[in-house]
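Undergrad: Here you go, run34.cif (mmCIF, C-alpha atoms):
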data_protein
#
loop_
_atom_site.group_PDB
_atom_site.id
_atom_site.type_symbol
_atom_site.label_atom_id
_atom_site.label_comp_id
_atom_site.auth_asym_id
_atom_site.auth_seq_id
_atom_site.Cartn_x
_atom_site.Cartn_y
_atom_site.Cartn_z
ATOM 1 C CA MET Y 12 80.338 236.697 104.564
ATOM 2 C CA ALA Y 13 81.435 238.229 101.260
ATOM 3 C CA LEU Y 14 83.432 241.399 100.805
ATOM 4 C CA THR Y 15 81.965 243.636 98.154
ATOM 5 C CA GLU Y 16 83.545 246.664 96.615
ATOM 6 C CA THR Y 17 82.403 249.495 94.492
ATOM 7 C CA VAL Y 18 85.150 250.735 92.221
ATOM 8 C CA ARG Y 19 85.463 253.258 89.443
ATOM 9 C CA ILE Y 20 87.412 252.055 86.418
ATOM 10 C CA SER Y 21 88.491 254.430 83.656
ATOM 11 C CA PHE Y 22 89.566 252.792 80.433
ATOM 12 C CA THR Y 23 91.575 254.895 77.991
ATOM 13 C CA GLY Y 24 92.348 254.000 74.381
ATOM 14 C CA HIS Y 25 90.371 253.913 71.133
ATOM 15 C CA PHE Y 26 86.712 252.943 71.475
ATOM 16 C CA VAL Y 27 83.572 252.347 69.491
ATOM 17 C CA PRO Y 28 81.341 253.165 72.465
ATOM 18 C CA PRO Y 29 78.284 250.969 71.623
ATOM 19 C CA SER Y 30 80.549 248.000 70.993
ATOM 20 C CA PHE Y 31 82.590 248.484 74.150
ATOM 21 C CA LEU Y 32 79.521 249.087 76.329
ATOM 22 C CA GLU Y 33 77.836 245.927 75.041
ATOM 23 C CA PHE Y 34 81.045 244.063 75.903
ATOM 24 C CA VAL Y 35 81.034 245.639 79.388
ATOM 25 C CA ASP Y 36 77.391 244.703 79.978
ATOM 26 C CA ARG Y 37 77.913 241.083 78.953
ATOM 27 C CA ARG Y 38 80.966 240.604 81.161
ATOM 28 C CA ALA Y 39 79.295 242.273 84.124
ATOM 29 C CA ALA Y 40 76.219 240.062 83.713
ATOM 30 C CA ARG Y 41 78.319 236.901 83.483
ATOM 31 C CA LEU Y 42 80.237 237.886 86.635
ATOM 32 C CA ASP Y 43 77.116 238.990 88.515
ATOM 33 C CA LEU Y 44 78.387 242.560 88.894
ATOM 34 C CA ASP Y 45 76.361 245.772 88.979
ATOM 35 C CA VAL Y 46 77.671 248.283 86.495
ATOM 36 C CA SER Y 47 76.770 251.863 85.671
ATOM 37 C CA VAL Y 48 78.371 253.844 82.894
ATOM 38 C CA GLU Y 49 79.678 257.242 83.947
ATOM 39 C CA SER Y 50 80.950 258.348 80.559
ATOM 40 C CA ALA Y 51 81.589 256.789 77.175
ATOM 41 C CA GLY Y 52 83.685 258.535 74.522
ATOM 42 C CA THR Y 53 85.932 257.450 71.687
ATOM 43 C CA ASP Y 54 89.068 257.839 73.826
ATOM 44 C CA ARG Y 55 87.790 257.147 77.344
ATOM 45 C CA VAL Y 56 85.108 255.030 79.004
ATOM 46 C CA ALA Y 57 84.444 255.217 82.754
ATOM 47 C CA VAL Y 58 82.272 252.780 84.678
ATOM 48 C CA GLU Y 59 81.371 252.266 88.314
ATOM 49 C CA ILE Y 60 81.112 248.628 89.204
ATOM 50 C CA SER Y 61 80.099 246.724 92.365
ATOM 51 C CA GLY Y 62 80.612 243.143 93.461
ATOM 52 C CA GLN Y 63 83.148 240.728 94.894
ATOM 53 C CA PRO Y 64 86.743 241.957 94.431
ATOM 54 C CA ASP Y 65 87.930 238.805 92.647
ATOM 55 C CA LEU Y 66 85.122 239.159 90.138
ATOM 56 C CA ILE Y 67 85.898 242.853 89.633
ATOM 57 C CA ASP Y 68 89.496 241.799 88.895
ATOM 58 C CA ALA Y 69 88.204 239.340 86.303
ATOM 59 C CA PHE Y 70 85.990 242.045 84.822
ATOM 60 C CA GLU Y 71 88.892 244.474 84.544
ATOM 61 C CA MET Y 72 91.063 241.862 82.870
ATOM 62 C CA ALA Y 73 88.333 240.924 80.378
ATOM 63 C CA CYS Y 74 87.594 244.548 79.525
ATOM 64 C CA SER Y 75 91.283 245.393 79.148
ATOM 65 C CA LEU Y 76 91.267 242.972 76.204
ATOM 66 C CA GLY Y 77 87.995 244.415 74.924
ATOM 67 C CA PRO Y 78 86.091 243.661 71.720
ATOM 68 C CA LEU Y 79 87.934 243.426 68.400
ATOM 69 C CA ASP Y 80 87.051 246.960 67.270
ATOM 70 C CA CYS Y 81 88.378 248.643 70.448
ATOM 71 C CA ILE Y 82 91.877 249.049 71.846
ATOM 72 C CA VAL Y 83 92.400 249.567 75.567
ATOM 73 C CA LEU Y 84 95.742 251.224 76.266
ATOM 74 C CA ASP Y 85 95.382 251.799 79.986
ATOM 75 C CA CYS Y 86 92.952 251.572 82.852
ATOM 76 C CA GLU Y 87 92.848 253.358 86.187
ATOM 77 C CA ARG Y 88 90.970 252.028 89.147
ATOM 78 C CA ALA Y 89 89.819 253.709 92.357
ATOM 79 C CA ILE Y 90 87.843 252.200 95.235
ATOM 80 C CA VAL Y 91 84.635 254.082 95.954
ATOM 81 C CA HIS Y 92 83.808 251.953 98.997
ATOM 82 C CA ALA Y 93 84.129 248.407 100.372
ATOM 83 C CA ARG Y 94 81.960 246.528 102.866
ATOM 84 C CA ARG Y 95 81.167 243.055 104.122
ATOM 85 C CA MET Y 96 77.714 241.626 103.355
ATOM 86 C CA GLU Y 97 75.971 238.623 104.922
ATOM 87 C CA ASN Y 98 74.415 237.280 101.742
ATOM 88 C CA GLY Y 99 76.068 238.715 98.690
ATOM 89 C CA ARG Y 100 75.173 242.274 97.953
ATOM 90 C CA MET B 15 56.944 201.358 72.156
ATOM 91 C CA THR B 16 57.136 204.861 70.805
ATOM 92 C CA PHE B 17 59.543 207.483 71.923
ATOM 93 C CA ALA B 18 58.445 211.068 72.278
ATOM 94 C CA GLN B 19 59.856 213.361 69.611
ATOM 95 C CA GLY B 20 63.149 215.055 70.117
ATOM 96 C CA TRP B 21 64.991 212.492 72.211
ATOM 97 C CA HIS B 22 68.456 211.479 71.091
ATOM 98 C CA PRO B 23 70.425 208.455 72.323
ATOM 99 C CA VAL B 24 73.998 209.379 73.231
ATOM 100 C CA ALA B 25 75.423 206.224 74.812
ATOM 101 C CA LEU B 26 74.645 202.811 76.187
ATOM 102 C CA SER B 27 73.946 203.097 79.900
ATOM 103 C CA THR B 28 76.711 200.604 80.639
ATOM 104 C CA SER B 29 79.270 202.640 78.662
ATOM 105 C CA VAL B 30 79.370 205.507 81.160
ATOM 106 C CA GLU B 31 80.345 204.264 84.604
ATOM 107 C CA PRO B 32 79.762 206.216 87.826
ATOM 108 C CA GLY B 33 82.478 208.825 88.248
ATOM 109 C CA SER B 34 83.348 209.009 84.549
ATOM 110 C CA SER B 35 82.727 211.327 81.606
ATOM 111 C CA ALA B 36 82.782 211.030 77.825
ATOM 112 C CA GLY B 37 82.429 213.401 74.894
ATOM 113 C CA THR B 38 79.910 212.989 72.089
ATOM 114 C CA HIS B 39 78.017 215.016 69.464
ATOM 115 C CA ILE B 40 74.472 215.511 68.250
ATOM 116 C CA ASP B 41 74.207 217.191 64.858
ATOM 117 C CA GLY B 42 77.637 218.712 65.380
ATOM 118 C CA LYS B 43 76.874 220.032 68.854
ATOM 119 C CA GLU B 44 79.556 219.010 71.347
ATOM 120 C CA LEU B 45 78.206 217.314 74.473
ATOM 121 C CA VAL B 46 79.655 215.784 77.599
ATOM 122 C CA VAL B 47 77.933 212.713 79.028
ATOM 123 C CA TRP B 48 78.908 212.103 82.624
ATOM 124 C CA ARG B 49 77.674 210.041 85.513
ATOM 125 C CA ASP B 50 78.005 211.212 89.097
ATOM 126 C CA ASN B 51 79.051 208.870 91.875
ATOM 127 C CA SER B 52 75.453 208.287 92.913
ATOM 128 C CA GLY B 53 74.791 206.884 89.430
ATOM 129 C CA VAL B 54 72.794 209.710 87.835
ATOM 130 C CA ALA B 55 73.660 210.483 84.196
ATOM 131 C CA HIS B 56 73.996 214.050 82.892
ATOM 132 C CA VAL B 57 74.316 215.515 79.403
ATOM 133 C CA TRP B 58 75.661 219.055 79.114
ATOM 134 C CA GLU B 59 77.284 221.368 76.636
ATOM 135 C CA ASP B 60 80.889 220.170 76.457
ATOM 136 C CA ARG B 61 82.476 223.509 77.264
ATOM 137 C CA CYS B 62 83.723 225.079 80.466
ATOM 138 C CA PRO B 63 82.505 228.699 80.505
ATOM 139 C CA HIS B 64 85.867 229.823 81.877
ATOM 140 C CA ARG B 65 88.259 229.110 79.001
ATOM 141 C CA GLY B 66 86.255 226.819 76.728
ATOM 142 C CA MET B 67 88.006 223.558 77.648
ATOM 143 C CA LYS B 68 85.961 220.424 76.981
ATOM 144 C CA LEU B 69 84.405 219.224 80.236
ATOM 145 C CA SER B 70 84.578 215.673 78.885
ATOM 146 C CA PHE B 71 88.324 215.895 79.582
ATOM 147 C CA GLY B 72 87.506 216.731 83.204
ATOM 148 C CA PHE B 73 87.072 214.494 86.192
ATOM 149 C CA VAL B 74 84.099 213.625 88.380
ATOM 150 C CA ARG B 75 84.299 214.128 92.116
ATOM 151 C CA GLY B 76 81.149 213.036 93.955
ATOM 152 C CA ASP B 77 78.294 214.944 92.376
ATOM 153 C CA HIS B 78 80.550 217.575 90.771
ATOM 154 C CA ILE B 79 82.424 217.546 87.484
ATOM 155 C CA ALA B 80 85.658 219.534 87.450
ATOM 156 C CA CYS B 81 87.299 221.098 84.410
ATOM 157 C CA LEU B 82 90.733 219.675 83.654
ATOM 158 C CA TYR B 83 92.172 223.113 82.870
ATOM 159 C CA HIS B 84 91.711 225.201 86.041
ATOM 160 C CA GLY B 85 89.603 222.892 88.193
ATOM 161 C CA TRP B 86 86.371 224.862 88.159
ATOM 162 C CA GLN B 87 83.754 222.563 89.686
ATOM 163 C CA TYR B 88 80.127 222.342 88.609
ATOM 164 C CA ASP B 89 77.223 220.784 90.492
ATOM 165 C CA THR B 90 74.586 218.548 88.888
ATOM 166 C CA GLY B 91 72.564 221.633 87.917
ATOM 167 C CA GLY B 92 75.482 222.957 85.866
ATOM 168 C CA ARG B 93 76.234 225.773 88.296
ATOM 169 C CA CYS B 94 79.855 226.557 89.137
ATOM 170 C CA ARG B 95 80.386 225.965 92.855
ATOM 171 C CA TYR B 96 84.126 226.181 93.373
ATOM 172 C CA ILE B 97 87.055 227.940 91.734
ATOM 173 C CA PRO B 98 90.373 226.648 93.150
ATOM 174 C CA ALA B 99 92.277 229.855 92.388
ATOM 175 C CA HIS B 100 89.708 231.816 94.446
ATOM 176 C CA PRO B 101 88.741 229.457 97.277
ATOM 177 C CA ASP B 102 86.944 232.160 99.271
ATOM 178 C CA LEU B 103 84.889 233.421 96.361
ATOM 179 C CA GLU B 104 81.125 233.010 96.495
ATOM 180 C CA VAL B 105 80.754 231.915 92.907
ATOM 181 C CA PRO B 106 77.890 233.819 91.265
ATOM 182 C CA ALA B 107 74.894 231.868 89.976
ATOM 183 C CA THR B 108 75.497 233.382 86.539
ATOM 184 C CA ILE B 109 78.463 231.076 85.871
ATOM 185 C CA THR B 110 76.740 227.973 84.537
ATOM 186 C CA VAL B 111 77.048 225.309 81.866
ATOM 187 C CA PRO B 112 73.991 224.701 79.629
ATOM 188 C CA VAL B 113 72.354 221.517 80.906
ATOM 189 C CA PHE B 114 70.133 219.295 78.776
ATOM 190 C CA THR B 115 67.252 217.126 79.924
ATOM 191 C CA THR B 116 68.622 213.611 80.365
ATOM 192 C CA VAL B 117 66.894 210.294 80.998
ATOM 193 C CA GLU B 118 67.900 206.664 80.977
ATOM 194 C CA ALA B 119 65.592 204.163 79.340
ATOM 195 C CA LEU B 120 65.908 200.978 77.311
ATOM 196 C CA GLY B 121 69.529 200.550 78.345
ATOM 197 C CA MET B 122 70.565 203.881 76.797
ATOM 198 C CA ILE B 123 71.163 207.467 77.897
ATOM 199 C CA TRP B 124 68.854 209.898 76.086
ATOM 200 C CA THR B 125 68.888 213.659 75.928
ATOM 201 C CA SER B 126 66.765 216.470 74.557
ATOM 202 C CA ALA B 127 69.946 218.294 73.417
ATOM 203 C CA GLU B 128 68.216 221.591 74.127
ATOM 204 C CA PRO B 129 68.752 223.585 77.332
ATOM 205 C CA GLY B 130 65.672 223.718 79.511
ATOM 206 C CA ALA B 131 63.538 221.743 77.069
ATOM 207 C CA SER B 132 60.403 220.312 78.621
ATOM 208 C CA ARG B 133 59.413 217.192 76.757
ATOM 209 C CA SER B 134 57.159 214.280 77.439
ATOM 210 C CA PRO B 135 59.112 211.714 79.385
ATOM 211 C CA PRO B 136 60.083 208.600 77.483
ATOM 212 C CA PRO B 137 58.220 205.404 78.303
ATOM 213 C CA ALA B 138 59.269 203.424 81.318
ATOM 214 C CA GLU B 139 61.571 200.534 80.640
ATOM 215 C CA ALA B 140 59.254 197.714 79.615
ATOM 216 C CA ALA B 141 61.609 194.791 79.517
ATOM 217 C CA GLU B 142 65.034 193.737 80.649
ATOM 218 C CA THR B 143 67.750 194.866 78.269
ATOM 219 C CA LEU B 144 71.301 193.687 77.703
ATOM 220 C CA PRO B 145 73.889 195.871 76.012
ATOM 221 C CA VAL B 146 75.461 194.768 72.743
ATOM 222 C CA ARG B 147 77.589 197.712 71.666
ATOM 223 C CA SER B 148 77.728 201.220 70.275
ATOM 224 C CA LEU B 149 78.911 201.346 66.682
ATOM 225 C CA TYR B 150 80.469 204.560 65.327
ATOM 226 C CA VAL B 151 80.814 204.951 61.571
ATOM 227 C CA ASP B 152 81.932 207.613 59.107
ATOM 228 C CA ARG B 153 78.535 207.774 57.425
ATOM 229 C CA ASP B 154 75.502 209.927 58.097
ATOM 230 C CA ALA B 155 72.515 208.529 59.991
ATOM 231 C CA ALA B 156 70.450 208.035 56.815
ATOM 232 C CA ALA B 157 73.157 205.860 55.236
ATOM 233 C CA LEU B 158 73.583 203.979 58.487
ATOM 234 C CA PHE B 159 69.851 203.317 58.728
ATOM 235 C CA GLN B 160 69.814 202.152 55.104
ATOM 236 C CA ALA B 161 72.676 199.722 55.767
ATOM 237 C CA LEU B 162 70.939 198.538 58.911
ATOM 238 C CA SER B 163 67.720 197.838 56.998
ATOM 239 C CA ALA B 164 69.611 195.888 54.319
ATOM 240 C CA ASN B 165 71.699 193.815 56.748
ATOM 241 C CA LEU B 166 69.429 192.565 59.499
ATOM 242 C CA PRO B 167 70.750 189.910 61.872
ATOM 243 C CA SER B 168 70.030 186.232 61.924
ATOM 244 C CA PRO B 169 68.213 185.045 65.058
ATOM 245 C CA PHE B 170 70.001 183.762 68.134
ATOM 246 C CA THR B 171 66.876 181.949 69.331
ATOM 247 C CA GLY B 172 64.054 180.676 67.154
ATOM 248 C CA VAL B 173 63.952 180.652 63.379
ATOM 249 C CA GLY B 174 62.668 182.877 60.634
ATOM 250 C CA GLY B 175 63.535 186.134 58.938
ATOM 251 C CA ALA B 176 64.193 189.513 60.448
ATOM 252 C CA SER B 177 62.219 192.715 60.221
ATOM 253 C CA LEU B 178 62.780 196.292 61.282
ATOM 254 C CA THR B 179 60.111 198.691 62.506
ATOM 255 C CA PRO B 180 60.494 202.327 63.548
ATOM 256 C CA ALA B 181 59.744 202.801 67.242
ATOM 257 C CA GLY B 182 59.924 206.584 67.400
ATOM 258 C CA ASP B 183 62.453 209.313 66.758
ATOM 259 C CA ASN B 184 65.935 207.835 66.546
ATOM 260 C CA LEU B 185 64.775 204.418 67.707
ATOM 261 C CA CYS B 186 63.861 201.223 65.889
ATOM 262 C CA ARG B 187 63.132 197.662 66.861
ATOM 263 C CA ILE B 188 64.470 194.592 65.070
ATOM 264 C CA ALA B 189 62.677 191.250 65.306
ATOM 265 C CA ALA B 190 64.755 188.218 64.329
ATOM 266 C CA GLY B 191 63.288 184.822 65.129
ATOM 267 C CA ASP B 192 62.309 185.015 68.802
ATOM 268 C CA ASP B 193 64.808 187.813 69.440
ATOM 269 C CA ARG B 194 64.151 191.521 69.789
ATOM 270 C CA LEU B 195 66.760 194.245 69.489
ATOM 271 C CA LEU B 196 66.395 197.947 70.146
ATOM 272 C CA VAL B 197 68.614 200.234 68.099
ATOM 273 C CA GLY B 198 69.129 203.909 68.921
ATOM 274 C CA LEU B 199 70.377 206.102 66.060
ATOM 275 C CA GLN B 200 72.579 209.095 66.780
ATOM 276 C CA GLN B 201 73.541 211.633 64.132
ATOM 277 C CA LEU B 202 76.931 212.854 65.356
ATOM 278 C CA ASP B 203 77.556 215.403 62.601
ATOM 279 C CA ALA B 204 77.190 215.736 58.835
ATOM 280 C CA GLY B 205 79.278 212.667 58.030
ATOM 281 C CA ARG B 206 79.286 210.559 61.179
ATOM 282 C CA ALA B 207 76.667 208.568 63.038
ATOM 283 C CA ALA B 208 76.338 205.955 65.750
ATOM 284 C CA LEU B 209 74.127 203.010 66.591
ATOM 285 C CA HIS B 210 73.435 201.956 70.169
ATOM 286 C CA VAL B 211 72.257 198.348 70.221
ATOM 287 C CA VAL B 212 70.619 196.493 73.092
ATOM 288 C CA ILE B 213 68.907 193.118 73.314
ATOM 289 C CA GLU B 214 65.363 193.313 74.616
ATOM 290 C CA GLY B 215 65.271 190.110 76.620
ATOM 291 C CA PRO B 216 66.409 188.342 79.797
ATOM 292 C CA GLY B 217 70.049 187.854 80.709
ATOM 293 C CA SER B 218 69.313 184.209 81.459
ATOM 294 C CA ILE B 219 68.935 183.650 77.701
ATOM 295 C CA TYR B 220 71.182 186.244 76.093
ATOM 296 C CA ALA B 221 74.073 186.990 78.470
ATOM 297 C CA GLY B 222 77.348 185.920 76.911
ATOM 298 C CA ALA B 223 76.607 183.916 73.777
ATOM 299 C CA GLY B 224 73.568 185.971 72.749
ATOM 300 C CA GLN B 225 75.465 189.233 73.164
ATOM 301 C CA ALA B 226 78.401 187.775 71.206
ATOM 302 C CA HIS B 227 76.046 186.677 68.422
ATOM 303 C CA PHE B 228 74.723 190.200 67.889
ATOM 304 C CA LEU B 229 78.163 191.721 68.437
ATOM 305 C CA GLY B 230 79.292 189.693 65.426
ATOM 306 C CA TRP B 231 76.370 191.058 63.444
ATOM 307 C CA THR B 232 77.384 194.662 64.216
ATOM 308 C CA ALA B 233 80.921 193.878 63.015
ATOM 309 C CA GLY B 234 79.397 192.677 59.762
ATOM 310 C CA LEU B 235 77.234 195.773 59.582
ATOM 311 C CA ARG B 236 80.306 197.961 59.796
ATOM 312 C CA TYR B 237 81.977 195.905 57.076
ATOM 313 C CA ALA B 238 78.873 196.207 54.905
ATOM 314 C CA LEU B 239 78.901 199.984 55.293
ATOM 315 C CA GLU B 240 82.533 200.174 54.302
ATOM 316 C CA HIS B 241 82.524 197.514 51.575
ATOM 317 C CA GLY B 242 78.934 197.054 50.425
ATOM 318 C CA SER B 243 78.108 193.595 51.806
ATOM 319 C CA ILE B 244 78.739 191.325 54.778
ATOM 320 C CA PRO B 245 81.645 188.970 54.001
ATOM 321 C CA ALA B 246 81.074 185.225 54.168
ATOM 322 C CA GLN B 247 83.398 184.625 57.114
ATOM 323 C CA ILE B 248 81.560 187.185 59.282
ATOM 324 C CA ALA B 249 78.155 185.879 58.234
ATOM 325 C CA LYS B 250 79.384 182.376 58.990
ATOM 326 C CA ALA B 251 80.804 183.375 62.379
ATOM 327 C CA GLU B 252 77.564 185.100 63.239
ATOM 328 C CA ALA B 253 75.589 182.007 62.384
ATOM 329 C CA VAL B 254 77.688 179.754 64.661
#
Represent the structure from my file as structure tokens, please.
TA:
Amino acid sequence: MALTETVRISFTGHFVPPSFLEFVDRRAARLDLDVSVESAGTDRVAVEISGQPDLIDAFEMACSLGPLDCIVLDCERAIVHARRMENGR
Amino acid sequence: MTFAQGWHPVALSTSVEPGSSAGTHIDGKELVVWRDNSGVAHVWEDRCPHRGMKLSFGFVRGDHIACLYHGWQYDTGGRCRYIPAHPDLEVPATITVPVFTTVEALGMIWTSAEPGASRSPPPAEAAETLPVRSLYVDRDAAALFQALSANLPSPFTGVGGASLTPAGDNLCRIAAGDDRLLVGLQQLDAGRAALHVVIEGPGSIYAGAGQAHFLGWTAGLRYALEHGSIPAQIAKAEAV
């Protein structure tokens, strides 16, 4: 029985939005996470992401490094909800 | 015997024992060849998707291969099944290693070297084979083939000259007297290549002395590649 979370992560820094969002999509796909973009600007990108907590941690760490043309200075994270599922999500 | 197009030999079957792994290349592409404990051979991309460590440095446990770096374990389908740092994690199916079609035939391990490639299967093993050796040289496959053609072995049984005939992509057959050899050619990268040599014949005739005879020939072949011709002492030793 896997615990899944939905969390909102706000990255702040200096972004090229298309580049950062492509990076986000690739990492989410690799980690089997569902992601939706709430906002994407040159100084802030916010996403809502769902999946296993360990994989969300890995996603946050990967995105905090970001692509070469973006700099992530900080990220804030808030749990939207958490629940246990029988077979994944 | 003709091999279907697109198959590459990567090792002699006897060179990769159950529970072991080895690294190799095809045209510069890094591959791991490993054999699970039930004896099935696998050829994959030689890269753990976690941090890029070569899986050929890893270790085989049952039907899993584990990365040396952080112990991520992959099943025979290339899917990650266990991450030691997160033992309770249900590892997602998206974490996989590219897996190449792999078969064993003619005493060698062959691969398509393309993920998910569907190719005609190679022919069933027609005759008993005995391994001689794999020979790795700092020459490309074309130069290696040229040296092979110019330095064919003397027979171990029977008399007469030797001839070489292509037997498909990356495979040729040598006839010398009553003997038959199969030689798989592997282009490792731009400047390196390998030969995988087996005797096509029964162990009752070739085991031991026959293998040693052709082993001596491959030593001469290497010398010829590096120096231009087989020296007299090697040719003499081969003839004994």
Undergrad: List, as a PyMOL selection string, every residue that the PyMOL selection byres ((chain Y) within 7 of (chain B)) selects in the file provided.
TA: chain Y and resi 41-43
Undergrad: To one decimal in Å, tell me the separation between CA of Val58 in chain Y and CA of Arg38 in chain Y.
TA: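 CA of Val58 in chain Y sits 12.7 Å away from CA of Arg38 in chain Y.
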Undergrad: Taking into account only C-alpha atoms, which residue in the set Y:Val46, Y:Glu71, Y:Asp80, Y:Gln63 is nearest to Arg94 in chain Y?
TA: Y:Gln63
Undergrad: Can you list, as a PyMOL selection string, every protein, DNA or RNA residue that comes within 9 Å of range 159-163 of chain B when you count all atoms listed in the file, leaving out same-chain residues fewer than 5 positions away?
TA: chain B and resi 154+177-178+199+209+235-236+238-239+242
Undergrad: Do a neighbour search on Gly77 in chain Y at 12 Å with only C-alpha atoms, toss out local chain neighbours closer than 2 positions, and write the hits as a VMD selection string.
TA: chain Y and resid 22 to 28 30 to 38 56 70 to 75 79 to 86
Undergrad: So which residues get picked by the PyMOL selection byres ((chain B and resi 168) around 8) here, written as a list in words?
TA: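 Evaluating the PyMOL selection byres ((chain B and resi 168) around 8) on these coordinates yields Leu166, Pro167, Pro169, Phe170, Gly175, Ala176, Ala190, Gly191, Glu252 and Ala253 of chain B.
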Undergrad: For CA of Ala89 in chain Y and CA of Ile97 in chain B, quote the distance in Å rounded to one decimal.
TA: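 Going from CA of Ala89 in chain Y over to CA of Ile97 in chain B, I get 25.9 Å.
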Undergrad: Neighbours of range 91-94 of chain B within 12 Å (all atoms listed in the file; same-chain residues fewer than 6 positions away dropped), as an MDAnalysis selection string?
TA: (chainID Y and resid 41:42) or (chainID B and resid 46 48 50 54:64 69 77:81 85 103:116 129:130)
Undergrad: Enter the distance from CA of Val48 in chain Y to CA of Leu14 in chain Y, in Å, rounded to one decimal.
TA: 22.4 Å
Undergrad: Residue by residue, what does the PyMOL selection byres ((chain B and resi 96) around 6) grab here? Present the result as a compact mmCIF listing (two decimals) with C-alpha atoms, keeping the file's coordinate frame.
TA:
# COMPACT_ATOMS: atom_id res chain seq x y z
CA TRP B 86 86.37 224.86 88.16
CA GLN B 87 83.75 222.56 89.69
CA ARG B 95 80.39 225.96 92.86
CA ILE B 97 87.06 227.94 91.73
Undergrad: Neighbours of Asp45 in chain Y within 7 Å (all atoms listed in the file; same-chain residues fewer than 6 positions away dropped), as a list in words?
TA: Ala39, Ile60, Ser61 and Gly62 of chain Y
Undergrad: Write out as a VMD selection string which residues come within 10 Å of Ala141 in chain B when counting all atoms listed in the file, dropping same-chain ones fewer than 3 positions away.
TA: chain B and resid 120 to 121 138 144 213 to 216
Undergrad: Ranking Y:Ile67, Y:Ala13, Y:Ile90, Y:Leu76 by minimum distance to Ala40 in chain Y and counting all atoms listed in the file, which one comes first?
TA: Y:Ile67
Undergrad: Under the rule that only C-alpha atoms are counted, which of B:Leu26, B:Pro101, B:Ala157, B:Leu185 is the nearest residue to Asp65 in chain Y?
TA: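 Among the listed residues, the smallest separation from Asp65 in chain Y belongs to B:Pro101.
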Undergrad: I need the residue nearest Pro29 in chain Y from this list: Y:Leu44, Y:Leu66, Y:Glu87, Y:Gly52. Use all atoms listed in the file for the distance.
TA: Y:Gly52
Undergrad: Show me the residues around (77.2, 194.1, 73.4) - criterion: an atom at most 8 Å away, only C-alpha atoms counted - as a PyMOL selection string.
TA: chain B and resi 144-148+211-212+225-226+228-229
Undergrad: Reconstruct N, CA and C atoms of range 72-86 of chain B; output as a PDB file, in the frame of the given file.
TA:
ATOM      1  N   GLY B  72      87.426 216.470  81.773  1.00  0.00           N
ATOM      2  CA  GLY B  72      87.506 216.731  83.204  1.00  0.00           C
ATOM      3  C   GLY B  72      87.354 215.458  84.019  1.00  0.00           C
ATOM      4  N   PHE B  73      87.195 215.658  85.318  1.00  0.00           N
ATOM      5  CA  PHE B  73      87.072 214.494  86.192  1.00  0.00           C
ATOM      6  C   PHE B  73      85.911 214.701  87.153  1.00  0.00           C
ATOM      7  N   VAL B  74      85.284 213.583  87.527  1.00  0.00           N
ATOM      8  CA  VAL B  74      84.099 213.625  88.380  1.00  0.00           C
ATOM      9  C   VAL B  74      84.536 213.400  89.821  1.00  0.00           C
ATOM     10  N   ARG B  75      84.034 214.271  90.687  1.00  0.00           N
ATOM     11  CA  ARG B  75      84.299 214.128  92.116  1.00  0.00           C
ATOM     12  C   ARG B  75      82.951 214.202  92.833  1.00  0.00           C
ATOM     13  N   GLY B  76      82.457 213.048  93.291  1.00  0.00           N
ATOM     14  CA  GLY B  76      81.149 213.036  93.955  1.00  0.00           C
ATOM     15  C   GLY B  76      80.071 213.436  92.970  1.00  0.00           C
ATOM     16  N   ASP B  77      79.338 214.504  93.297  1.00  0.00           N
ATOM     17  CA  ASP B  77      78.294 214.944  92.376  1.00  0.00           C
ATOM     18  C   ASP B  77      78.718 216.217  91.635  1.00  0.00           C
ATOM     19  N   HIS B  78      80.030 216.447  91.548  1.00  0.00           N
ATOM     20  CA  HIS B  78      80.550 217.575  90.771  1.00  0.00           C
ATOM     21  C   HIS B  78      81.392 217.052  89.612  1.00  0.00           C
ATOM     22  N   ILE B  79      81.428 217.812  88.526  1.00  0.00           N
ATOM     23  CA  ILE B  79      82.424 217.546  87.484  1.00  0.00           C
ATOM     24  C   ILE B  79      83.361 218.752  87.460  1.00  0.00           C
ATOM     25  N   ALA B  80      84.655 218.478  87.394  1.00  0.00           N
ATOM     26  CA  ALA B  80      85.658 219.534  87.450  1.00  0.00           C
ATOM     27  C   ALA B  80      86.377 219.634  86.110  1.00  0.00           C
ATOM     28  N   CYS B  81      86.584 220.870  85.665  1.00  0.00           N
ATOM     29  CA  CYS B  81      87.299 221.098  84.410  1.00  0.00           C
ATOM     30  C   CYS B  81      88.775 220.735  84.600  1.00  0.00           C
ATOM     31  N   LEU B  82      89.328 220.086  83.592  1.00  0.00           N
ATOM     32  CA  LEU B  82      90.733 219.675  83.654  1.00  0.00           C
ATOM     33  C   LEU B  82      91.682 220.876  83.681  1.00  0.00           C
ATOM     34  N   TYR B  83      91.253 221.993  83.101  1.00  0.00           N
ATOM     35  CA  TYR B  83      92.172 223.113  82.870  1.00  0.00           C
ATOM     36  C   TYR B  83      92.490 223.862  84.174  1.00  0.00           C
ATOM     37  N   HIS B  84      91.471 224.430  84.812  1.00  0.00           N
ATOM     38  CA  HIS B  84      91.711 225.201  86.041  1.00  0.00           C
ATOM     39  C   HIS B  84      90.910 224.687  87.228  1.00  0.00           C
ATOM     40  N   GLY B  85      90.254 223.540  87.064  1.00  0.00           N
ATOM     41  CA  GLY B  85      89.603 222.892  88.193  1.00  0.00           C
ATOM     42  C   GLY B  85      88.275 223.474  88.621  1.00  0.00           C
ATOM     43  N   TRP B  86      87.680 224.332  87.775  1.00  0.00           N
ATOM     44  CA  TRP B  86      86.371 224.862  88.159  1.00  0.00           C
ATOM     45  C   TRP B  86      85.399 223.691  88.301  1.00  0.00           C
TER      46      TRP B  86
END
